[in-house]
Structure formats: structure tokens, C-alpha cells
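A.B. asks: Data: model.txt, compact mmCIF, C-alpha atoms.
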```
# COMPACT_ATOMS: atom_id res chain seq x y z
CA MET A 3 24.61 -70.42 226.56
CA LYS A 4 23.04 -66.93 226.67
CA LEU A 5 24.19 -63.72 228.28
CA VAL A 6 21.74 -62.16 230.73
CA ARG A 7 23.94 -59.32 232.02
CA PRO A 8 27.67 -58.71 231.40
CA LYS A 9 30.18 -59.23 234.21
CA PRO A 10 33.01 -56.84 235.12
CA ILE A 11 36.05 -57.46 232.96
CA CYS A 12 38.29 -58.91 235.69
CA ARG A 13 35.59 -61.31 236.86
CA ALA A 14 35.36 -62.78 233.37
CA VAL A 15 38.94 -62.71 232.02
CA PHE A 16 42.52 -62.43 233.27
CA CYS A 17 43.34 -58.73 233.61
CA GLU A 18 47.10 -58.85 234.10
CA VAL A 19 49.11 -57.79 231.06
CA GLY A 20 52.83 -58.46 230.64
CA GLU A 21 55.20 -56.53 228.41
CA ILE A 22 53.58 -54.37 225.80
CA SER A 23 54.84 -52.80 222.59
CA LEU A 24 54.17 -49.31 221.32
CA ASP A 25 55.11 -50.27 217.75
CA GLU A 26 51.63 -49.36 216.52
CA PHE A 27 52.30 -45.75 217.56
CA GLU A 28 54.68 -43.19 216.06
CA GLU A 29 56.30 -40.57 218.26
CA VAL A 30 55.55 -37.35 216.37
CA GLU A 31 56.80 -34.92 219.04
CA ASP A 32 58.67 -35.40 222.29
CA GLY A 33 56.24 -37.44 224.40
CA ILE A 34 53.40 -37.24 221.85
CA TYR A 35 52.37 -40.41 220.03
CA ALA A 36 50.08 -40.91 217.06
CA GLN A 37 48.23 -43.52 215.06
CA PRO A 38 46.77 -43.07 211.57
CA TYR A 39 43.01 -42.58 211.71
CA GLU A 40 40.59 -41.96 208.86
CA PHE A 41 37.99 -39.41 209.94
CA ALA A 42 35.54 -40.45 207.20
CA HIS A 43 32.47 -40.05 209.42
CA ALA A 44 31.48 -38.60 212.74
CA SER A 45 31.58 -41.44 215.28
CA PRO A 46 30.64 -41.82 218.95
CA SER A 47 34.25 -42.90 219.51
CA LEU A 48 35.26 -39.26 218.93
CA ILE A 49 33.19 -37.91 221.83
CA GLY A 50 36.13 -38.14 224.26
CA ASP A 51 38.41 -36.09 222.01
CA TYR A 52 35.65 -33.52 221.43
CA LEU A 53 35.00 -33.12 225.16
CA PHE A 54 38.73 -32.78 225.79
CA CYS A 55 38.91 -29.94 223.26
CA PRO A 56 37.03 -29.29 219.99
CA ARG A 57 40.16 -27.68 218.55
CA PHE A 58 42.14 -30.83 219.40
CA LEU A 59 39.61 -32.93 217.46
CA TRP A 60 39.85 -30.54 214.50
CA ILE A 61 43.65 -30.88 214.50
CA GLU A 62 43.47 -34.68 214.64
CA ASN A 63 41.11 -34.62 211.66
CA LYS A 64 43.40 -32.28 209.72
CA LEU A 65 46.42 -34.51 210.41
CA LYS A 66 44.43 -37.77 210.01
CA LEU A 67 46.04 -38.92 213.24
CA LYS A 68 44.77 -39.89 216.69
CA LEU A 69 47.10 -38.18 219.14
CA THR A 70 47.97 -39.20 222.68
CA THR A 71 50.68 -38.90 225.30
CA LYS A 72 53.09 -41.73 226.10
CA ARG A 73 51.01 -42.54 229.16
CA GLY A 74 47.90 -42.64 226.98
CA ALA A 75 49.62 -44.86 224.42
CA ILE A 76 50.63 -47.35 227.12
CA ALA A 77 47.10 -47.34 228.54
CA ALA A 78 45.66 -47.87 225.05
CA ALA A 79 48.01 -50.79 224.33
CA VAL A 80 47.17 -52.47 227.65
CA GLY A 81 43.48 -51.75 227.16
CA ARG A 82 43.50 -53.31 223.72
CA VAL A 83 44.83 -56.61 225.10
CA ILE A 84 42.18 -56.70 227.85
CA HIS A 85 39.50 -55.59 225.40
CA GLU A 86 40.29 -58.44 223.01
CA ARG A 87 40.16 -60.96 225.85
CA TYR A 88 36.77 -59.74 226.98
CA GLU A 89 35.38 -59.71 223.45
CA ARG A 90 36.46 -63.36 223.07
CA HIS A 91 34.62 -64.08 226.33
CA LEU A 92 31.48 -62.40 224.98
CA SER A 93 31.66 -64.27 221.69
CA MET A 94 30.99 -67.54 223.57
CA PHE A 95 27.39 -66.46 224.14
CA GLU A 96 24.93 -67.28 221.36
CA ASN A 97 22.91 -64.07 221.88
CA VAL A 98 25.90 -61.70 221.54
CA ILE A 99 27.30 -60.07 218.41
CA THR A 100 30.69 -58.39 218.83
CA GLU A 101 32.05 -55.48 216.79
CA TYR A 102 28.57 -54.40 215.69
CA LYS A 103 28.57 -51.64 213.07
CA ILE A 104 25.87 -49.01 213.54
CA GLU A 105 24.94 -46.25 211.08
CA LEU A 106 22.50 -43.38 211.51
CA ASP A 107 22.51 -40.92 208.62
CA ASP A 108 26.16 -39.81 208.39
CA VAL A 109 27.13 -40.95 211.89
CA VAL A 110 28.92 -44.31 211.84
CA GLY A 111 30.36 -46.32 214.70
CA VAL A 112 31.20 -49.80 215.88
CA ALA A 113 29.81 -50.88 219.24
CA ASP A 114 31.92 -53.41 221.12
CA ALA A 115 28.96 -55.77 221.37
CA VAL A 116 25.18 -56.01 221.17
CA PHE A 117 23.06 -58.63 222.88
CA LYS A 118 19.41 -59.52 223.36
CA ASN A 119 17.90 -60.96 226.53
CA ALA A 120 14.31 -61.44 227.68
CA SER A 121 13.79 -57.72 228.28
CA GLY A 122 15.25 -56.33 225.05
CA VAL A 123 18.37 -55.42 223.08
CA TYR A 124 21.37 -53.77 224.75
CA VAL A 125 24.74 -52.33 223.74
CA ILE A 126 27.95 -53.29 225.57
CA GLU A 127 30.93 -50.94 225.68
CA ILE A 128 34.18 -52.28 227.16
CA LYS A 129 36.34 -49.77 229.04
CA SER A 130 39.51 -50.89 230.79
CA ASN A 131 40.38 -47.45 232.20
CA ALA A 132 38.66 -45.31 234.84
CA PRO A 133 35.04 -44.21 234.26
CA ARG A 134 34.57 -40.97 232.35
CA GLU A 135 31.64 -38.88 231.20
CA ALA A 136 32.70 -39.56 227.60
CA HIS A 137 32.17 -43.30 228.14
CA ARG A 138 28.57 -42.75 229.22
CA LEU A 139 27.86 -40.47 226.27
CA GLN A 140 29.46 -42.86 223.80
CA ALA A 141 27.38 -45.77 225.10
CA GLN A 142 24.24 -43.62 225.00
CA ALA A 143 25.01 -42.62 221.42
CA TYR A 144 25.26 -46.24 220.28
CA ALA A 145 22.07 -47.11 222.17
CA GLU A 146 20.21 -44.18 220.62
CA MET A 147 21.49 -44.93 217.12
CA LEU A 148 20.36 -48.55 217.42
CA LYS A 149 17.22 -47.73 219.47
CA THR A 150 18.10 -50.32 222.10
CA ARG A 151 16.73 -50.22 225.65
CA GLY A 152 20.08 -48.96 226.92
CA ALA A 153 23.74 -49.83 227.23
CA TYR A 154 26.11 -51.49 229.67
CA LEU A 155 29.51 -49.93 230.37
CA VAL A 156 31.80 -52.75 231.42
CA TYR A 157 34.84 -51.76 233.51
CA ARG A 158 37.48 -53.87 235.22
CA ASP A 159 35.64 -53.96 238.55
CA ARG A 160 32.09 -52.84 237.81
CA VAL A 161 29.28 -52.70 235.28
CA GLU A 162 27.23 -49.53 234.85
CA TYR A 163 23.91 -49.28 233.03
CA VAL A 164 22.94 -46.17 231.07
CA GLU A 165 19.65 -45.28 229.44
CA ARG A 166 19.69 -44.17 225.85
CA SER A 167 19.24 -40.45 225.28
CA LYS A 168 18.45 -38.30 222.26
CA GLU A 169 20.42 -35.45 223.84
CA VAL A 170 23.72 -37.09 222.92
CA LEU A 171 22.89 -36.67 219.23
CA LYS A 172 23.34 -32.92 219.73
CA ILE A 173 26.97 -33.61 220.63
CA MET A 174 27.31 -35.75 217.52
CA GLY A 175 25.99 -32.79 215.52
CA ARG A 176 28.66 -30.53 217.01
CA ILE A 177 31.33 -33.12 216.23
CA LYS A 178 30.17 -33.19 212.60
CA ASN A 179 30.48 -29.41 212.45
CA VAL A 180 34.05 -29.54 213.77
CA LEU A 181 35.06 -32.20 211.22
CA ARG A 182 33.50 -30.25 208.34
CA SER A 183 34.94 -26.87 209.26
CA ASP A 184 37.79 -25.35 207.27
CA THR A 185 38.87 -23.31 210.27
CA PRO A 186 39.70 -24.57 213.77
CA PRO A 187 37.58 -23.80 216.83
CA PRO A 188 39.06 -21.12 219.09
CA PRO A 189 41.70 -22.14 221.66
CA GLY A 190 40.57 -23.15 225.13
CA ARG A 191 41.38 -21.47 228.42
CA SER A 192 44.14 -23.84 229.56
CA CYS A 193 46.13 -24.25 226.34
CA SER A 194 49.51 -23.52 227.90
CA SER A 195 49.26 -26.60 230.13
CA CYS A 196 48.01 -28.87 227.34
CA PRO A 197 50.50 -31.57 226.23
CA PHE A 198 49.46 -30.94 222.61
CA PHE A 199 50.00 -27.18 222.77
CA LYS A 200 53.04 -27.17 220.48
CA ILE A 201 51.26 -29.12 217.73
CA CYS A 202 48.17 -26.94 218.11
CA ARG A 203 50.17 -23.71 217.91
CA GLU A 204 51.94 -24.81 214.73
CA LEU A 205 48.73 -25.35 212.77
```
Is it possible to express this structure as C-alpha cells?
C.D. replies:
Amino acid sequence: MKLVRPKPICRAVFCEVGEISLDEFEEVEDGIYAQPYEFAHASPSLIGDYLFCPRFLWIENKLKLKLTTKRGAIAAAVGRVIHERYERHLSMFENVITEYKIELDDVVGVADAVFKNASGVYVIEIKSNAPREAHRLQAQAYAEMLKTRGAYLVYRDRVEYVERSKEVLKIMGRIKNVLRSDTPPPPGRSCSSCPFFKICREL
């Protein structure tokens, strides 16, 4: 059995999730949760944090922690369950490889899946939350690194196709600069309303 085009998550697997645990997270401040993360290389998975705030990414790298709010931790825990279900669904197809590691110079990432059909090779990125610009850029980065025809963003109720783009590598270059810097980027314009303001101010 071969995959021609991925289906939306909830058309392929059961999307309801029962009780979840936040045991994999540590509450480091009131309402702020963290997971250990080794920032050994720049990765397309860091694009979302960079777009949120370059200074926030710098702080995460300094602390070696991925930071989130309680709401974000719950969404991540639910998303992980759904993600694993969908990856198992994809693994049934003989032309799909899941958890595909991609390296380009000193940029390293793991695409959720890669598959080949009659028209070429494509990346699949599984996203259980609402569409974001960071998702498109992440998928484009994997596609560009692997030189595939493009990438499919698979959401709960839709599938979006994105062309690969060299432009996204400029963002990866800026992420590398943030991770290498000894000093943090300047604060943004809305720091006082940021949930991570206290952590940011203390560093």
C-alpha cells in the first residue's frame, strides 16, 4: 500500500484524547513550564520560538530548556498523543519513512515523515494545533534542506501544500546567530505583556 497524498489527521486517526499528564514538564515559575532541550544545532523546529521573540530563543538556549505556558504544555501533551497516532498511520505505507533526520551543513532537524509518489519526494509535517506561519516556514525548511518538491502540512481538518523556498534558509541563518551569541537580542516592544517577562528580566 502506497501513500499518494496525506489525509487530514482526524480523517485518518481518532482525534479525541482523554486525560493527559504534564509529568514530562517542570513548573519553573508560576504558570511557566519547561522541558530539557539540547540546543546542539540550529533546527527548523526552532523557527516558531524565533518568530515569537529572538530574545526568548536566546534565553531558552542559555537555560537549555524549552519554555511554555500551562496552556501550551497541555496543547503539547495532547498534540503528542495525536502526533504519535498519525505517525503510526503513516508507517503502514511502504513509501513513507517517519522521523526522517535531515542535515544541511550545521542545520539539523527531524521531519515527521518523507514519502515518494509518482511525481516526486515530499515532506510531511504533522500539526495538531491551528495553522501558523511558523509551520509553513518549518515545512519549507525541511523541503529545502532535502531538496524535495515541497511539503504537506497535515492538520486535524485540512492538508496544506507548500513549495520549498531558499528564503527560509535566511531565517535559519538568523537562528544560528542567536544561538551563537554571548549576548541576548534586545527586548521586544510588548515585553510587559509577555508571560515569560519575569524569566527574561532576570537573565
A.B. asks: List as a Markdown table every residue of segment 24-108 of chain A that is in contact with segment 137-150 of chain A, defined as an atom at most 7 Å from one of its atoms (using all atoms listed in the file), together with the nearest atom pair and the distance in Å rounded to one decimal, sorted by chain and then rising number.
C.D. replies:
```
| residue | atom | partner | partner_atom | distance |
| --- | --- | --- | --- | --- |
| A:Pro46 | CA | A:Gln140 | CA | 5.1 |
| A:Ser47 | CA | A:Gln140 | CA | 6.4 |
| A:Ile49 | CA | A:Gln140 | CA | 6.5 |
| A:Ile104 | CA | A:Leu148 | CA | 6.8 |
| A:Leu106 | CA | A:Met147 | CA | 5.9 |
```
A.B. asks: With only C-alpha atoms as the counted atoms, please give the residues lying no more than 10 Å from segment 15-20 of chain A, apart from itself and same-chain residues fewer than 4 positions off, as a PyMOL selection string.
C.D. replies: chain A and resi 9-11+79-81+83-85+87-91+130+158
A.B. asks: Please, what distance in Å, to one decimal, runs between atom CA of Tyr157 of chain A and atom CA of Ile128 of chain A?
C.D. replies: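 Computing it gives 6.4 Å between the two atoms.
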A.B. asks: In terms of the shortest atom-to-atom distance over all atoms listed in the file, which of A:Gly111, A:Pro133, A:Pro38, A:Gly33 is closest to Arg73 of chain A?
C.D. replies: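 So, comparing all the options, the nearest one is A:Gly33.
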A.B. asks: Ranking A:Arg182, A:Arg203, A:Phe41, A:Leu5 by minimum distance to Ser93 of chain A and counting all atoms listed in the file, which one comes first?
C.D. replies: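 Result for the nearest residue to Ser93 of chain A: A:Leu5.
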A.B. asks: With all atoms listed in the file as the atoms that count, which of A:Leu171, A:Ile126, A:Val161, A:Ile22 lies nearest to Val112 of chain A?
C.D. replies: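 For Val112 of chain A, the nearest of the given residues is A:Ile126.
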A.B. asks: As JSON, numbers by chain, please: the residues near Leu92 of chain A (cut-off 10 Å, all atoms listed in the file, same-chain neighbours under 5 positions excluded).
C.D. replies: {"A": [4, 5, 8, 9, 14, 86, 87, 97, 98, 99, 100, 114, 115, 116, 117, 126]}
A.B. asks: Selection from above, C-alpha atoms, as a compact mmCIF listing (two decimals), in the frame of the given file, can you write it?
C.D. replies:
```
# COMPACT_ATOMS: atom_id res chain seq x y z
CA LYS A 4 23.04 -66.93 226.67
CA LEU A 5 24.19 -63.72 228.28
CA PRO A 8 27.67 -58.71 231.40
CA LYS A 9 30.18 -59.23 234.21
CA ALA A 14 35.36 -62.78 233.37
CA GLU A 86 40.29 -58.44 223.01
CA ARG A 87 40.16 -60.96 225.85
CA ASN A 97 22.91 -64.07 221.88
CA VAL A 98 25.90 -61.70 221.54
CA ILE A 99 27.30 -60.07 218.41
CA THR A 100 30.69 -58.39 218.83
CA ASP A 114 31.92 -53.41 221.12
CA ALA A 115 28.96 -55.77 221.37
CA VAL A 116 25.18 -56.01 221.17
CA PHE A 117 23.06 -58.63 222.88
CA ILE A 126 27.95 -53.29 225.57
```
A.B. asks: For Cys12 of chain A, which residue among A:Met174, A:Pro188, A:Phe54, A:Val156 is the nearest when counting all atoms listed in the file?
C.D. replies: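 The shortest atom-to-atom distance to Cys12 of chain A comes from A:Val156.
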A.B. asks: Hey, what's within 7 Å of Thr71 of chain A if we count only C-alpha atoms and toss same-chain stuff fewer than 4 positions away? As a ChimeraX atom specification, please?
C.D. replies: /A:33-35,75
A.B. asks: With all atoms listed in the file as the atoms that count, which of A:Cys193, A:Leu181, A:Arg7, A:Leu48 lies nearest to Val125 of chain A?
C.D. replies: A:Arg7
A.B. asks: Would you mind telling me which residue in A:Lys66, A:Lys168, A:Arg191, A:Arg151 lies nearest to Gly122 of chain A when using all atoms listed in the file?
C.D. replies: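 Distance minimum relative to Gly122 of chain A lands on A:Arg151.
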A.B. asks: So how far away is atom CA of Asp107 of chain A from atom CA of Gly175 of chain A, in Å?
C.D. replies: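 The value is 11.2 Å.
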A.B. asks: Rounded to one decimal in Å, what is the spacing between atom CA of Val170 of chain A and atom CA of Asp108 of chain A?
C.D. replies: 15.0 Å
A.B. asks: Please complete segment 43-58 of chain A so it has N, CA, C and O atoms, and hand it over as a short mmCIF file (atom, residue, chain, number, x, y, z; two decimals), in the frame of the given file.
C.D. replies:
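This went into selection24.cif:
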```
data_model
loop_
_atom_site.label_atom_id
_atom_site.label_comp_id
_atom_site.auth_asym_id
_atom_site.auth_seq_id
_atom_site.Cartn_x
_atom_site.Cartn_y
_atom_site.Cartn_z
N HIS A 43 33.80 -40.36 208.89
CA HIS A 43 32.47 -40.05 209.42
C HIS A 43 32.59 -39.60 210.87
O HIS A 43 33.55 -39.96 211.56
N ALA A 44 31.60 -38.86 211.31
CA ALA A 44 31.48 -38.60 212.74
C ALA A 44 31.16 -39.92 213.42
O ALA A 44 30.38 -40.72 212.91
N SER A 45 31.78 -40.18 214.57
CA SER A 45 31.58 -41.44 215.28
C SER A 45 31.48 -41.17 216.78
O SER A 45 32.16 -40.27 217.29
N PRO A 46 30.67 -41.96 217.49
CA PRO A 46 30.64 -41.82 218.95
C PRO A 46 32.00 -42.00 219.61
O PRO A 46 32.24 -41.48 220.70
N SER A 47 32.91 -42.70 218.94
CA SER A 47 34.25 -42.90 219.51
C SER A 47 35.05 -41.60 219.58
O SER A 47 36.09 -41.54 220.23
N LEU A 48 34.57 -40.55 218.92
CA LEU A 48 35.26 -39.26 218.93
C LEU A 48 34.77 -38.33 220.04
O LEU A 48 35.29 -37.22 220.21
N ILE A 49 33.77 -38.76 220.79
CA ILE A 49 33.19 -37.91 221.83
C ILE A 49 34.25 -37.50 222.86
O ILE A 49 34.31 -36.35 223.29
N GLY A 50 35.09 -38.45 223.27
CA GLY A 50 36.13 -38.14 224.26
C GLY A 50 37.07 -37.05 223.79
O GLY A 50 37.39 -36.12 224.56
N ASP A 51 37.50 -37.11 222.54
CA ASP A 51 38.41 -36.09 222.01
C ASP A 51 37.70 -34.75 221.91
O ASP A 51 38.29 -33.70 222.20
N TYR A 52 36.42 -34.77 221.52
CA TYR A 52 35.65 -33.52 221.43
C TYR A 52 35.49 -32.87 222.80
O TYR A 52 35.67 -31.66 222.95
N LEU A 53 35.16 -33.68 223.81
CA LEU A 53 35.00 -33.12 225.16
C LEU A 53 36.32 -32.60 225.71
O LEU A 53 36.34 -31.62 226.45
N PHE A 54 37.42 -33.26 225.36
CA PHE A 54 38.73 -32.78 225.79
C PHE A 54 38.99 -31.40 225.22
O PHE A 54 39.40 -30.48 225.94
N CYS A 55 38.72 -31.24 223.91
CA CYS A 55 38.91 -29.94 223.26
C CYS A 55 38.47 -30.03 221.80
O CYS A 55 39.05 -30.80 221.03
N PRO A 56 37.45 -29.26 221.40
CA PRO A 56 37.03 -29.29 219.99
C PRO A 56 38.16 -28.96 219.02
O PRO A 56 38.25 -29.53 217.93
N ARG A 57 39.03 -28.04 219.42
CA ARG A 57 40.16 -27.68 218.55
C ARG A 57 41.10 -28.87 218.39
O ARG A 57 41.64 -29.11 217.30
N PHE A 58 41.30 -29.63 219.46
CA PHE A 58 42.14 -30.83 219.40
C PHE A 58 41.57 -31.82 218.41
O PHE A 58 42.30 -32.40 217.59
#
```
